[in-house]
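Engineer: Following this line is structure_28.cif, made up of mmCIF, C-alpha atoms and all ligand atoms:
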```
data_model
#
loop_
_atom_site.label_atom_id
_atom_site.label_comp_id
_atom_site.auth_asym_id
_atom_site.auth_seq_id
_atom_site.Cartn_x
_atom_site.Cartn_y
_atom_site.Cartn_z
CA MET W 163 2.76 -5.34 92.78
CA ASP W 164 6.42 -4.42 92.18
CA VAL W 165 6.43 -2.58 88.84
CA THR W 166 9.33 -4.68 87.54
CA VAL W 167 7.33 -7.86 88.15
CA GLU W 168 4.44 -6.38 86.18
CA LEU W 169 6.82 -5.30 83.41
CA HIS W 170 8.35 -8.79 83.27
CA GLN W 171 4.85 -10.20 82.72
CA TRP W 172 4.13 -7.67 79.97
CA ILE W 173 7.39 -8.57 78.22
CA ARG W 174 6.58 -12.28 78.33
CA ALA W 175 3.13 -11.61 76.88
CA ALA W 176 4.26 -9.29 74.06
CA ALA W 177 4.68 -10.80 70.60
CA ARG W 178 6.47 -7.73 69.24
CA LEU W 179 8.63 -5.39 71.28
CA VAL W 180 10.54 -2.19 70.58
CA ILE W 181 13.25 -0.62 72.71
CA LEU W 182 13.67 3.10 72.07
CA SER W 183 16.91 4.21 73.71
CA GLY W 184 18.57 7.56 74.31
CA ALA W 185 21.73 8.96 75.84
CA GLY W 186 20.80 7.67 79.34
CA MET W 187 21.08 4.11 78.02
CA SER W 188 24.84 4.66 77.71
CA ALA W 189 25.36 6.67 80.90
CA GLU W 190 26.37 3.62 82.96
CA SER W 191 28.92 2.70 80.28
CA GLY W 192 30.54 6.07 80.97
CA VAL W 193 29.45 7.87 77.78
CA PRO W 194 28.77 11.47 78.72
CA THR W 195 25.63 13.14 77.41
CA PHE W 196 26.10 15.86 74.85
CA ARG W 197 26.28 18.55 77.46
CA ASP W 198 28.46 16.65 79.91
CA ALA W 199 30.93 16.14 77.07
CA GLN W 200 31.66 19.87 76.95
CA THR W 201 34.84 19.91 78.98
CA GLY W 202 38.30 21.41 78.55
CA LEU W 203 38.82 23.10 75.21
CA TRP W 204 35.19 22.53 74.27
CA ALA W 205 33.63 23.97 77.41
CA ASN W 206 32.92 27.30 75.73
CA PHE W 207 31.06 25.81 72.76
CA ARG W 208 27.49 24.63 72.61
CA PRO W 209 26.75 21.41 70.64
CA GLU W 210 24.28 23.41 68.57
CA GLU W 211 27.26 25.50 67.38
CA LEU W 212 29.44 22.50 66.49
CA ALA W 213 27.09 19.77 65.30
CA THR W 214 25.75 21.47 62.19
CA PRO W 215 26.66 21.34 58.48
CA GLU W 216 27.27 25.09 58.57
CA ALA W 217 29.77 24.79 61.43
CA PHE W 218 31.60 21.98 59.66
CA ARG W 219 31.84 23.90 56.39
CA ALA W 220 33.06 27.01 58.19
CA ARG W 221 35.66 25.25 60.38
CA PRO W 222 36.10 21.65 59.22
CA ALA W 223 39.30 20.85 61.13
CA PHE W 224 37.92 22.35 64.33
CA VAL W 225 34.66 20.38 64.25
CA TRP W 226 36.54 17.25 63.13
CA ASP W 227 38.77 17.54 66.23
CA TRP W 228 35.71 17.82 68.47
CA TYR W 229 34.42 14.56 67.01
CA GLU W 230 37.84 12.91 67.27
CA GLU W 231 37.84 13.69 70.98
CA ARG W 232 34.37 12.17 71.43
CA ARG W 233 35.30 9.18 69.30
CA ALA W 234 38.39 8.53 71.42
CA ARG W 235 36.30 8.56 74.59
CA MET W 236 33.72 6.23 73.10
CA ARG W 237 36.36 3.73 71.98
CA ASP W 238 37.29 3.20 75.64
CA VAL W 239 33.81 2.24 76.84
CA ALA W 240 31.99 -1.10 76.76
CA PRO W 241 28.34 -2.19 76.71
CA HIS W 242 26.86 -2.68 80.20
CA ALA W 243 24.54 -5.33 81.63
CA GLY W 244 21.49 -3.60 80.12
CA HIS W 245 22.87 -3.65 76.55
CA LEU W 246 23.88 -7.29 77.03
CA ALA W 247 20.47 -8.29 78.41
CA ILE W 248 18.77 -6.84 75.33
CA ALA W 249 21.10 -8.67 72.95
CA ASP W 250 20.66 -11.90 74.92
CA PHE W 251 16.86 -11.58 74.70
CA GLN W 252 17.17 -11.06 70.93
CA ARG W 253 19.31 -14.20 70.59
CA ARG W 254 16.71 -16.21 72.48
CA HIS W 255 13.78 -14.65 70.56
CA PRO W 256 14.92 -13.91 67.00
CA GLY W 257 12.86 -11.23 65.29
CA ARG W 258 10.76 -10.39 68.35
CA LEU W 259 12.49 -7.22 69.56
CA THR W 260 13.61 -4.22 67.50
CA VAL W 261 16.16 -1.79 68.93
CA VAL W 262 15.67 1.82 67.84
CA THR W 263 18.33 4.14 69.23
CA GLN W 264 19.13 7.82 69.20
CA ASN W 265 22.64 6.97 70.37
CA VAL W 266 25.56 7.27 68.01
CA ASP W 267 28.00 5.31 70.18
CA GLY W 268 27.40 1.85 68.68
CA LEU W 269 27.08 0.16 72.09
CA HIS W 270 23.91 -1.79 71.21
CA GLN W 271 25.66 -3.08 68.10
CA ARG W 272 28.81 -3.99 70.05
CA ALA W 273 26.68 -5.85 72.60
CA GLY W 274 25.43 -8.04 69.74
CA SER W 275 22.01 -6.57 68.97
CA PRO W 276 21.19 -7.28 65.32
CA ASP W 277 19.71 -4.76 62.86
CA VAL W 278 19.82 -1.78 65.23
CA LEU W 279 17.95 1.21 63.78
CA ALA W 280 20.42 4.00 64.56
CA LEU W 281 18.26 7.05 63.89
CA HIS W 282 21.08 9.54 64.45
CA GLY W 283 23.87 7.60 62.73
CA GLN W 284 27.10 6.18 64.16
CA ILE W 285 29.96 8.34 65.33
CA ALA W 286 32.66 5.79 64.50
CA GLN W 287 31.77 5.94 60.81
CA ASP W 288 32.49 8.59 58.18
CA THR W 289 30.65 9.62 55.06
CA TRP W 290 31.10 12.22 52.31
CA LEU W 291 30.00 15.78 53.09
CA ASP W 292 28.63 16.33 49.58
CA PRO W 293 27.23 13.58 47.35
CA PRO W 294 30.28 11.65 46.11
CA ARG W 295 31.43 12.08 42.53
CA PRO W 296 33.18 9.21 40.70
CA CYS W 297 36.57 10.70 41.66
CA CYS W 298 35.68 10.48 45.38
CA GLU W 299 34.94 6.78 45.15
CA ALA W 300 37.88 5.91 42.85
CA ALA W 301 40.75 6.83 45.15
CA PRO W 302 41.04 6.62 48.94
CA PRO W 303 40.62 9.96 50.72
CA VAL W 304 43.76 12.01 51.29
CA PRO W 305 44.73 11.92 54.99
CA GLY W 306 44.14 15.19 56.81
CA ARG W 307 41.74 16.85 59.20
CA PRO W 308 39.25 15.95 57.82
CA PRO W 309 40.32 13.60 55.02
CA ALA W 310 39.32 14.82 51.56
CA CYS W 311 39.03 13.63 47.99
CA GLY W 312 42.38 14.43 46.36
CA VAL W 313 40.67 15.39 43.11
CA CYS W 314 37.62 17.51 43.94
CA GLY W 315 38.23 18.34 47.62
CA ASN W 316 34.98 16.79 48.92
CA LEU W 317 35.41 16.22 52.66
CA ARG W 318 34.80 13.21 54.85
CA ARG W 319 32.53 13.92 57.83
CA PRO W 320 31.22 11.93 60.81
CA ALA W 321 28.22 9.80 59.80
CA VAL W 322 25.91 11.34 62.38
CA VAL W 323 22.75 13.38 61.96
CA TRP W 324 23.50 17.02 62.67
CA PHE W 325 21.10 19.69 63.88
CA GLY W 326 18.89 20.73 61.00
CA GLU W 327 19.45 17.50 59.02
CA MET W 328 16.94 14.83 58.09
CA LEU W 329 17.03 11.43 59.75
CA PRO W 330 17.98 8.51 57.49
CA ALA W 331 14.74 7.75 55.62
CA ARG W 332 15.01 3.95 55.58
CA GLU W 333 15.78 3.63 59.30
CA LEU W 334 13.07 6.12 60.25
CA ALA W 335 10.45 4.33 58.14
CA GLN W 336 11.41 0.96 59.65
CA ALA W 337 11.31 2.45 63.16
CA GLU W 338 7.89 4.00 62.54
CA ARG W 339 6.56 0.66 61.32
CA ALA W 340 8.04 -1.25 64.25
CA ALA W 341 6.69 1.33 66.71
CA ARG W 342 3.23 1.33 65.20
CA ASP W 343 2.95 -2.44 65.15
CA CYS W 344 4.50 -3.41 68.48
CA ASP W 345 2.62 -4.59 71.56
CA LEU W 346 5.11 -3.10 73.97
CA MET W 347 7.66 -0.30 73.76
CA LEU W 348 10.35 0.25 76.38
CA VAL W 349 11.57 3.84 76.33
CA VAL W 350 14.98 3.80 78.02
CA GLY W 351 17.17 6.76 78.93
CA THR W 352 15.67 9.44 76.77
CA SER W 353 14.44 12.83 77.87
CA GLY W 354 11.84 12.63 75.10
CA VAL W 355 12.45 16.13 73.81
CA VAL W 356 14.16 15.29 70.50
CA TYR W 357 11.72 14.66 67.64
CA PRO W 358 10.89 12.70 65.53
CA ALA W 359 12.42 9.99 67.77
CA ALA W 360 10.23 10.89 70.75
CA GLY W 361 7.17 10.82 68.51
CA LEU W 362 7.60 7.07 68.07
CA ALA W 363 6.49 6.56 71.67
CA ARG W 364 3.35 8.59 71.01
CA ALA W 365 2.54 6.79 67.76
CA THR W 366 2.49 3.22 69.04
CA ARG W 367 -0.73 1.42 69.69
CA GLY W 368 1.07 -0.88 72.11
CA ARG W 369 1.83 -0.28 75.75
CA VAL W 370 4.58 2.20 76.60
CA VAL W 371 6.93 1.75 79.54
CA VAL W 372 9.42 4.48 80.49
CA ILE W 373 12.61 3.35 82.25
CA ASN W 374 14.40 6.40 83.58
CA PRO W 375 15.67 7.41 87.03
CA HIS W 376 14.31 10.92 86.46
CA GLU W 377 11.15 12.51 85.08
CA SER W 378 10.96 12.69 81.30
CA ASP W 379 8.75 14.35 78.71
CA LEU W 380 7.36 10.93 77.79
CA ASP W 381 6.10 10.02 81.26
CA ASP W 382 2.64 11.24 80.30
CA ALA W 383 2.55 8.80 77.36
CA ALA W 384 3.52 5.82 79.55
CA ASP W 385 1.31 3.03 80.81
CA LEU W 386 4.02 2.31 83.36
CA VAL W 387 7.01 4.31 84.62
CA VAL W 388 9.96 2.47 86.17
CA ARG W 389 12.20 4.82 88.16
CA GLY W 390 15.49 3.00 87.75
CA THR W 391 18.55 2.87 85.56
CA ALA W 392 19.05 0.93 82.35
CA ALA W 393 21.78 -1.33 83.74
CA ALA W 394 19.75 -2.18 86.84
CA VAL W 395 16.26 -2.62 85.36
CA LEU W 396 16.79 -4.24 81.95
CA PRO W 397 18.65 -7.39 83.12
CA LYS W 398 15.98 -7.89 85.77
CA VAL W 399 13.00 -7.67 83.44
CA LEU W 400 14.47 -9.34 80.34
CA ALA W 401 16.06 -12.38 82.01
CA ASP W 402 13.82 -15.48 81.75
CA ALA W 403 11.34 -13.49 79.69
P1 LIG Y 1 19.14 13.35 76.83
O1 LIG Y 1 20.57 13.64 77.23
O2 LIG Y 1 18.28 14.48 76.44
O3 LIG Y 1 18.41 12.61 78.05
C1 LIG Y 1 19.01 11.55 78.74
C2 LIG Y 1 17.96 10.89 79.60
O4 LIG Y 1 18.53 9.73 80.20
C3 LIG Y 1 17.44 11.76 80.74
O5 LIG Y 1 16.02 11.72 80.76
C4 LIG Y 1 18.02 11.10 81.99
O6 LIG Y 1 17.16 11.22 83.11
C5 LIG Y 1 18.12 9.66 81.54
N1 LIG Y 1 19.12 8.86 82.24
C6 LIG Y 1 20.28 9.29 82.80
N2 LIG Y 1 20.96 8.24 83.31
C7 LIG Y 1 20.22 7.13 83.04
C8 LIG Y 1 20.39 5.74 83.28
N3 LIG Y 1 21.49 5.29 83.91
N4 LIG Y 1 19.44 4.87 82.88
C9 LIG Y 1 18.32 5.33 82.24
N5 LIG Y 1 18.10 6.64 81.98
C10 LIG Y 1 19.04 7.52 82.37
O7 LIG Y 1 19.24 12.20 75.74
P2 LIG Y 1 18.35 11.92 74.45
O8 LIG Y 1 16.91 11.94 74.83
O9 LIG Y 1 18.94 10.70 73.85
O10 LIG Y 1 18.62 13.14 73.47
C11 LIG Y 1 19.92 13.67 73.30
C12 LIG Y 1 20.45 13.69 71.87
O11 LIG Y 1 21.87 13.67 71.95
C13 LIG Y 1 20.08 12.50 71.02
O12 LIG Y 1 19.70 13.01 69.80
C14 LIG Y 1 21.37 11.67 70.86
O13 LIG Y 1 21.56 11.31 69.50
C15 LIG Y 1 22.48 12.59 71.25
N6 LIG Y 1 23.50 11.97 72.14
C16 LIG Y 1 23.93 10.68 71.97
C17 LIG Y 1 24.84 10.13 72.86
C18 LIG Y 1 25.31 8.71 72.66
O14 LIG Y 1 25.39 8.23 71.55
N7 LIG Y 1 25.61 7.99 73.75
C19 LIG Y 1 25.32 10.86 73.92
C20 LIG Y 1 24.88 12.18 74.06
C21 LIG Y 1 23.96 12.72 73.17
#
```
If you convert what's in this file into structure tokens, what do you get?
Ligand code: NAD

Structural biologist:
Amino acid sequence: MDVTVELHQWIRAAARLVILSGAGMSAESGVPTFRDAQTGLWANFRPEELATPEAFRARPAFVWDWYEERRARMRDVAPHAGHLAIADFQRRHPGRLTVVTQNVDGLHQRAGSPDVLALHGQIAQDTWLDPPRPCCEAAPPVPGRPPACGVCGNLRRPAVVWFGEMLPARELAQAERAARDCDLMLVVGTSGVVYPAAGLARATRGRVVVINPHESDLDDAADLVVRGTAAAVLPKVLADA
């Protein structure tokens, strides 16, 4: 049997589903992976050297500019047929499918998926570098690179999880619960090497299906592997399901 036909049947039969997505989910929208994004001025820097609290404290304007460049690229992209098929399924089946994503681009949210658990934050948003004091909240940040509190100097930073930082506790707990309790998890476009996100696929008692055109570290945890891309496979298996 064609694996997508089998997957379609599994989706129809599942009461609770989780989609765990990674950078490959956004590839067909034109969002480069971390490493592909290292072009031009940034070609000589590794993400591990830029996406850390230490790097930001040492060179805030420099790291801010790197994020501004990525933000500008992400503003120009749009959700693809796979993102839209997920959101459409969620509209037709409220509360049945939870999206857990490692992506910071906001494409699931822009496609209309509700209550996305963004484990690594959202690049379009800012937050305070240090816990905000009353002065930080009282007045708008002073424009600059990066903006800062005009009183104490606390800096704004991209609201993403950097190397060495904890994942947001509430989102992670909700994702762990959804993963544990689901009947079916679709793991889309992730290499499966970044933990704890990848661990969700190993912790579920439901079936696991990997959708990825290439081999991934989670293939061994899968009940089914679909060698295809997110934009091609998801509309096919979620339509009429
Ligand atoms: P990864 O870059 O390690 O792996 C991407 C995976 O997607 C690969 O296994 C690849 O084979 C697969 N893939 C490529 N094209 C695909 C397609 N069209 N359809 C389906 N799969 C496809 O990504 P990761 O596992 O998410 O880990 C990278 C980390 O970098 C994450 O922590 C993430 O937060 C961050 N990141 C996010 C974005 C984003 O927000 N879009 C982009 C780059 C990196």

Engineer: Measure the distance from atom CA of Ile181 of chain W to atom CA of Cys344 of chain W in Å and round it to one decimal.

Structural biologist: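 Atom CA of Cys344 of chain W lies 10.1 Å from atom CA of Ile181 of chain W.
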
Engineer: Counting only C-alpha atoms and all ligand atoms, figure out which residue out of W:Met328, W:Ala185, W:Leu212, W:Val261 gets nearest to ligand LIG 1 (chain Y).

Structural biologist: W:Ala185

Engineer: So which one's closest to ligand LIG 1 (chain Y), W:Gly306, W:Pro194, W:Gly312, W:Gly274? Using all atoms listed in the file, please.

Structural biologist: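 That would be W:Pro194, the residue with the smallest distance to ligand LIG 1 (chain Y).
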
Engineer: Hey, which bits of chain W sit within 6 Å of ligand LIG 1 (chain Y), and for each residue what's the closest pair of atoms and how far apart in Å (one decimal), counting all atoms listed in the file, rows by chain and increasing number, as JSON lines?

Structural biologist:
```
{"residue": "W:Gly184", "atom": "CA", "partner": "Y:LIG1", "partner_atom": "O9", "distance": 3.2}
{"residue": "W:Ala185", "atom": "CA", "partner": "Y:LIG1", "partner_atom": "O9", "distance": 3.8}
{"residue": "W:Gly186", "atom": "CA", "partner": "Y:LIG1", "partner_atom": "O4", "distance": 3.2}
{"residue": "W:Met187", "atom": "CA", "partner": "Y:LIG1", "partner_atom": "N4", "distance": 5.2}
{"residue": "W:Ser188", "atom": "CA", "partner": "Y:LIG1", "partner_atom": "N7", "distance": 5.2}
{"residue": "W:Ala189", "atom": "CA", "partner": "Y:LIG1", "partner_atom": "N3", "distance": 5.1}
{"residue": "W:Glu190", "atom": "CA", "partner": "Y:LIG1", "partner_atom": "N3", "distance": 5.2}
{"residue": "W:Val193", "atom": "CA", "partner": "Y:LIG1", "partner_atom": "N7", "distance": 5.6}
{"residue": "W:Pro194", "atom": "CA", "partner": "Y:LIG1", "partner_atom": "C19", "distance": 5.9}
{"residue": "W:Thr195", "atom": "CA", "partner": "Y:LIG1", "partner_atom": "C20", "distance": 3.6}
{"residue": "W:Phe196", "atom": "CA", "partner": "Y:LIG1", "partner_atom": "C20", "distance": 4.0}
{"residue": "W:Gln264", "atom": "CA", "partner": "Y:LIG1", "partner_atom": "O13", "distance": 4.3}
{"residue": "W:Asn265", "atom": "CA", "partner": "Y:LIG1", "partner_atom": "O14", "distance": 3.2}
{"residue": "W:Val266", "atom": "CA", "partner": "Y:LIG1", "partner_atom": "O14", "distance": 3.7}
{"residue": "W:Asp267", "atom": "CA", "partner": "Y:LIG1", "partner_atom": "O14", "distance": 4.1}
{"residue": "W:His282", "atom": "CA", "partner": "Y:LIG1", "partner_atom": "O13", "distance": 5.4}
{"residue": "W:Val350", "atom": "CA", "partner": "Y:LIG1", "partner_atom": "C9", "distance": 5.6}
{"residue": "W:Gly351", "atom": "CA", "partner": "Y:LIG1", "partner_atom": "N5", "distance": 3.2}
{"residue": "W:Thr352", "atom": "CA", "partner": "Y:LIG1", "partner_atom": "O8", "distance": 3.4}
{"residue": "W:Ser353", "atom": "CA", "partner": "Y:LIG1", "partner_atom": "O5", "distance": 3.5}
{"residue": "W:Gly354", "atom": "CA", "partner": "Y:LIG1", "partner_atom": "O8", "distance": 5.1}
{"residue": "W:Val356", "atom": "CA", "partner": "Y:LIG1", "partner_atom": "O10", "distance": 5.8}
{"residue": "W:Asn374", "atom": "CA", "partner": "Y:LIG1", "partner_atom": "N5", "distance": 4.0}
{"residue": "W:Pro375", "atom": "CA", "partner": "Y:LIG1", "partner_atom": "N5", "distance": 5.7}
{"residue": "W:His376", "atom": "CA", "partner": "Y:LIG1", "partner_atom": "O6", "distance": 4.4}
{"residue": "W:Ser378", "atom": "CA", "partner": "Y:LIG1", "partner_atom": "O5", "distance": 5.2}
{"residue": "W:Thr391", "atom": "CA", "partner": "Y:LIG1", "partner_atom": "N4", "distance": 3.5}
{"residue": "W:Ala392", "atom": "CA", "partner": "Y:LIG1", "partner_atom": "N4", "distance": 4.0}
```

Engineer: Output C-alpha atoms of each residue in that selection to a file, as a PDB file, in the frame of the given file.

Structural biologist:
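File selection_38.pdb, as written:
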```pdb
ATOM      1  CA  GLY W 184      18.570   7.560  74.310  1.00  0.00           C
ATOM      2  CA  ALA W 185      21.730   8.960  75.840  1.00  0.00           C
ATOM      3  CA  GLY W 186      20.800   7.670  79.340  1.00  0.00           C
ATOM      4  CA  MET W 187      21.080   4.110  78.020  1.00  0.00           C
ATOM      5  CA  SER W 188      24.840   4.660  77.710  1.00  0.00           C
ATOM      6  CA  ALA W 189      25.360   6.670  80.900  1.00  0.00           C
ATOM      7  CA  GLU W 190      26.370   3.620  82.960  1.00  0.00           C
ATOM      8  CA  VAL W 193      29.450   7.870  77.780  1.00  0.00           C
ATOM      9  CA  PRO W 194      28.770  11.470  78.720  1.00  0.00           C
ATOM     10  CA  THR W 195      25.630  13.140  77.410  1.00  0.00           C
ATOM     11  CA  PHE W 196      26.100  15.860  74.850  1.00  0.00           C
ATOM     12  CA  GLN W 264      19.130   7.820  69.200  1.00  0.00           C
ATOM     13  CA  ASN W 265      22.640   6.970  70.370  1.00  0.00           C
ATOM     14  CA  VAL W 266      25.560   7.270  68.010  1.00  0.00           C
ATOM     15  CA  ASP W 267      28.000   5.310  70.180  1.00  0.00           C
ATOM     16  CA  HIS W 282      21.080   9.540  64.450  1.00  0.00           C
ATOM     17  CA  VAL W 350      14.980   3.800  78.020  1.00  0.00           C
ATOM     18  CA  GLY W 351      17.170   6.760  78.930  1.00  0.00           C
ATOM     19  CA  THR W 352      15.670   9.440  76.770  1.00  0.00           C
ATOM     20  CA  SER W 353      14.440  12.830  77.870  1.00  0.00           C
ATOM     21  CA  GLY W 354      11.840  12.630  75.100  1.00  0.00           C
ATOM     22  CA  VAL W 356      14.160  15.290  70.500  1.00  0.00           C
ATOM     23  CA  ASN W 374      14.400   6.400  83.580  1.00  0.00           C
ATOM     24  CA  PRO W 375      15.670   7.410  87.030  1.00  0.00           C
ATOM     25  CA  HIS W 376      14.310  10.920  86.460  1.00  0.00           C
ATOM     26  CA  SER W 378      10.960  12.690  81.300  1.00  0.00           C
ATOM     27  CA  THR W 391      18.550   2.870  85.560  1.00  0.00           C
ATOM     28  CA  ALA W 392      19.050   0.930  82.350  1.00  0.00           C
TER      29      ALA W 392
END
```

Engineer: What gap, in Å, lies between atom CA of Ala383 of chain W and atom CA of Asp343 of chain W?

Structural biologist: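 Pair atom CA of Ala383 of chain W / atom CA of Asp343 of chain W returns 16.6 Å.
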
Engineer: When you count only C-alpha atoms, which of these residues is closest to Gly257 of chain W: W:Arg295, W:Arg178, W:His242, W:Arg219?

Structural biologist: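 The closest residue to Gly257 of chain W is W:Arg178.
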
Engineer: (37.1, 6.2, 73.3) in this file's frame - what residues fall within 12 Å of it? Use only C-alpha atoms and give the answer as a PyMOL selection string.

Structural biologist: chain W and resi 191-194+229-240+267-269+285-286

Engineer: State, in Å with one decimal place, the distance from atom CA of Leu348 of chain W to atom CA of Pro209 of chain W.

Structural biologist: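 Result for atom CA of Leu348 of chain W versus atom CA of Pro209 of chain W: 27.4 Å, one decimal.
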
Engineer: I'd like the neighbourhood of Pro320 of chain W as a ChimeraX atom specification, where a residue qualifies if any of its atoms comes within 7 Å (using all atoms listed in the file), though same-chain residues fewer than 3 positions away should be ignored.

Structural biologist: /W:285,287-289

Engineer: Write the selection just made, keeping C-alpha atoms, as a PDB file, keeping the file's coordinate frame?

Structural biologist:
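Output saved as result_1.pdb:
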```pdb
ATOM      1  CA  ILE W 285      29.960   8.340  65.330  1.00  0.00           C
ATOM      2  CA  GLN W 287      31.770   5.940  60.810  1.00  0.00           C
ATOM      3  CA  ASP W 288      32.490   8.590  58.180  1.00  0.00           C
ATOM      4  CA  THR W 289      30.650   9.620  55.060  1.00  0.00           C
TER       5      THR W 289
END
```

Engineer: At a cut-off of 10 Å, using only C-alpha atoms, what residues contact Cys314 of chain W? Leave out same-chain residues fewer than 4 positions from it and give the result as a list in words.

Structural biologist: Pro294, Arg295, Pro296, Cys297, Cys298 and Ala310 of chain W

Engineer: Counting all atoms listed in the file, figure out which residue out of W:Asp379, W:Asp402, W:Asp385, W:Glu299 gets nearest to Arg174 of chain W.

Structural biologist: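 Nearest to Arg174 of chain W: W:Asp402.
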
Engineer: May I have the residues within 8 Å of Val349 of chain W as a list of chain:residue names, using all atoms listed in the file and disregarding those fewer than 2 positions away in the same chain?

Structural biologist: W:Ile181, W:Leu182, W:Ser183, W:Met347, W:Gly351, W:Thr352, W:Ala363, W:Val370, W:Val371, W:Val372, W:Ile373

Engineer: Would you mind exporting C-alpha atoms of the selected residues as a short mmCIF file (atom, residue, chain, number, x, y, z; two decimals), keeping the file's coordinate frame?

Structural biologist:
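Written out: again04.cif:
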```cif
data_model
loop_
_atom_site.label_atom_id
_atom_site.label_comp_id
_atom_site.auth_asym_id
_atom_site.auth_seq_id
_atom_site.Cartn_x
_atom_site.Cartn_y
_atom_site.Cartn_z
CA ILE W 181 13.25 -0.62 72.71
CA LEU W 182 13.67 3.10 72.07
CA SER W 183 16.91 4.21 73.71
CA MET W 347 7.66 -0.30 73.76
CA GLY W 351 17.17 6.76 78.93
CA THR W 352 15.67 9.44 76.77
CA ALA W 363 6.49 6.56 71.67
CA VAL W 370 4.58 2.20 76.60
CA VAL W 371 6.93 1.75 79.54
CA VAL W 372 9.42 4.48 80.49
CA ILE W 373 12.61 3.35 82.25
#
```

Engineer: Measuring atom to atom with all atoms listed in the file, identify which of W:Val355, W:His255, W:His270, W:Ala394 is nearest to Asp381 of chain W.

Structural biologist: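 Distance minimum relative to Asp381 of chain W lands on W:Val355.
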
Engineer: Between W:Ala175, W:Leu396, W:Leu291, W:Ala335, which one has atoms that come closest to Leu317 of chain W, using only C-alpha atoms?

Structural biologist: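 Among W:Ala175, W:Leu396, W:Leu291, W:Ala335, it is W:Leu291 that comes nearest to Leu317 of chain W.
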
Engineer: Please fill the gaps in segment 357-368 of chain W so it has N, CA, C and O atoms, and write that as a PDB file, keeping the file's coordinate frame.

Structural biologist:
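Produced file rebuild04.pdb, reproduced below:
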```pdb
ATOM      1  N   TYR W 357      12.638  15.266  68.609  1.00  0.00           N
ATOM      2  CA  TYR W 357      11.720  14.660  67.640  1.00  0.00           C
ATOM      3  C   TYR W 357      12.421  14.510  66.301  1.00  0.00           C
ATOM      4  O   TYR W 357      13.373  15.237  66.038  1.00  0.00           O
ATOM      5  N   PRO W 358      12.067  13.576  65.437  1.00  0.00           N
ATOM      6  CA  PRO W 358      10.890  12.700  65.530  1.00  0.00           C
ATOM      7  C   PRO W 358      11.047  11.472  66.402  1.00  0.00           C
ATOM      8  O   PRO W 358      10.074  10.743  66.602  1.00  0.00           O
ATOM      9  N   ALA W 359      12.246  11.222  66.989  1.00  0.00           N
ATOM     10  CA  ALA W 359      12.420   9.990  67.770  1.00  0.00           C
ATOM     11  C   ALA W 359      11.369   9.880  68.878  1.00  0.00           C
ATOM     12  O   ALA W 359      10.722   8.833  69.039  1.00  0.00           O
ATOM     13  N   ALA W 360      11.174  10.953  69.633  1.00  0.00           N
ATOM     14  CA  ALA W 360      10.230  10.890  70.750  1.00  0.00           C
ATOM     15  C   ALA W 360       8.813  10.612  70.274  1.00  0.00           C
ATOM     16  O   ALA W 360       8.011   9.990  70.984  1.00  0.00           O
ATOM     17  N   GLY W 361       8.507  11.039  69.059  1.00  0.00           N
ATOM     18  CA  GLY W 361       7.170  10.820  68.510  1.00  0.00           C
ATOM     19  C   GLY W 361       6.831   9.356  68.337  1.00  0.00           C
ATOM     20  O   GLY W 361       5.644   8.990  68.311  1.00  0.00           O
ATOM     21  N   LEU W 362       7.858   8.502  68.238  1.00  0.00           N
ATOM     22  CA  LEU W 362       7.600   7.070  68.070  1.00  0.00           C
ATOM     23  C   LEU W 362       6.842   6.519  69.280  1.00  0.00           C
ATOM     24  O   LEU W 362       5.991   5.644  69.143  1.00  0.00           O
ATOM     25  N   ALA W 363       7.151   7.041  70.454  1.00  0.00           N
ATOM     26  CA  ALA W 363       6.490   6.560  71.670  1.00  0.00           C
ATOM     27  C   ALA W 363       5.033   7.020  71.727  1.00  0.00           C
ATOM     28  O   ALA W 363       4.210   6.418  72.408  1.00  0.00           O
ATOM     29  N   ARG W 364       4.735   8.098  71.018  1.00  0.00           N
ATOM     30  CA  ARG W 364       3.350   8.590  71.010  1.00  0.00           C
ATOM     31  C   ARG W 364       2.548   7.964  69.884  1.00  0.00           C
ATOM     32  O   ARG W 364       1.327   8.071  69.859  1.00  0.00           O
ATOM     33  N   ALA W 365       3.245   7.328  68.930  1.00  0.00           N
ATOM     34  CA  ALA W 365       2.540   6.790  67.760  1.00  0.00           C
ATOM     35  C   ALA W 365       2.219   5.309  67.902  1.00  0.00           C
ATOM     36  O   ALA W 365       1.492   4.758  67.080  1.00  0.00           O
ATOM     37  N   THR W 366       2.736   4.665  68.926  1.00  0.00           N
ATOM     38  CA  THR W 366       2.490   3.220  69.040  1.00  0.00           C
ATOM     39  C   THR W 366       1.095   2.938  69.568  1.00  0.00           C
ATOM     40  O   THR W 366       0.554   3.704  70.354  1.00  0.00           O
ATOM     41  N   ARG W 367       0.552   1.796  69.108  1.00  0.00           N
ATOM     42  CA  ARG W 367      -0.730   1.420  69.690  1.00  0.00           C
ATOM     43  C   ARG W 367      -0.512   0.395  70.805  1.00  0.00           C
ATOM     44  O   ARG W 367      -1.455  -0.051  71.458  1.00  0.00           O
ATOM     45  N   GLY W 368       0.748   0.033  71.018  1.00  0.00           N
ATOM     46  CA  GLY W 368       1.070  -0.880  72.110  1.00  0.00           C
ATOM     47  C   GLY W 368       1.237  -0.136  73.423  1.00  0.00           C
ATOM     48  O   GLY W 368       1.088   1.084  73.487  1.00  0.00           O
TER      49      GLY W 368
END
```
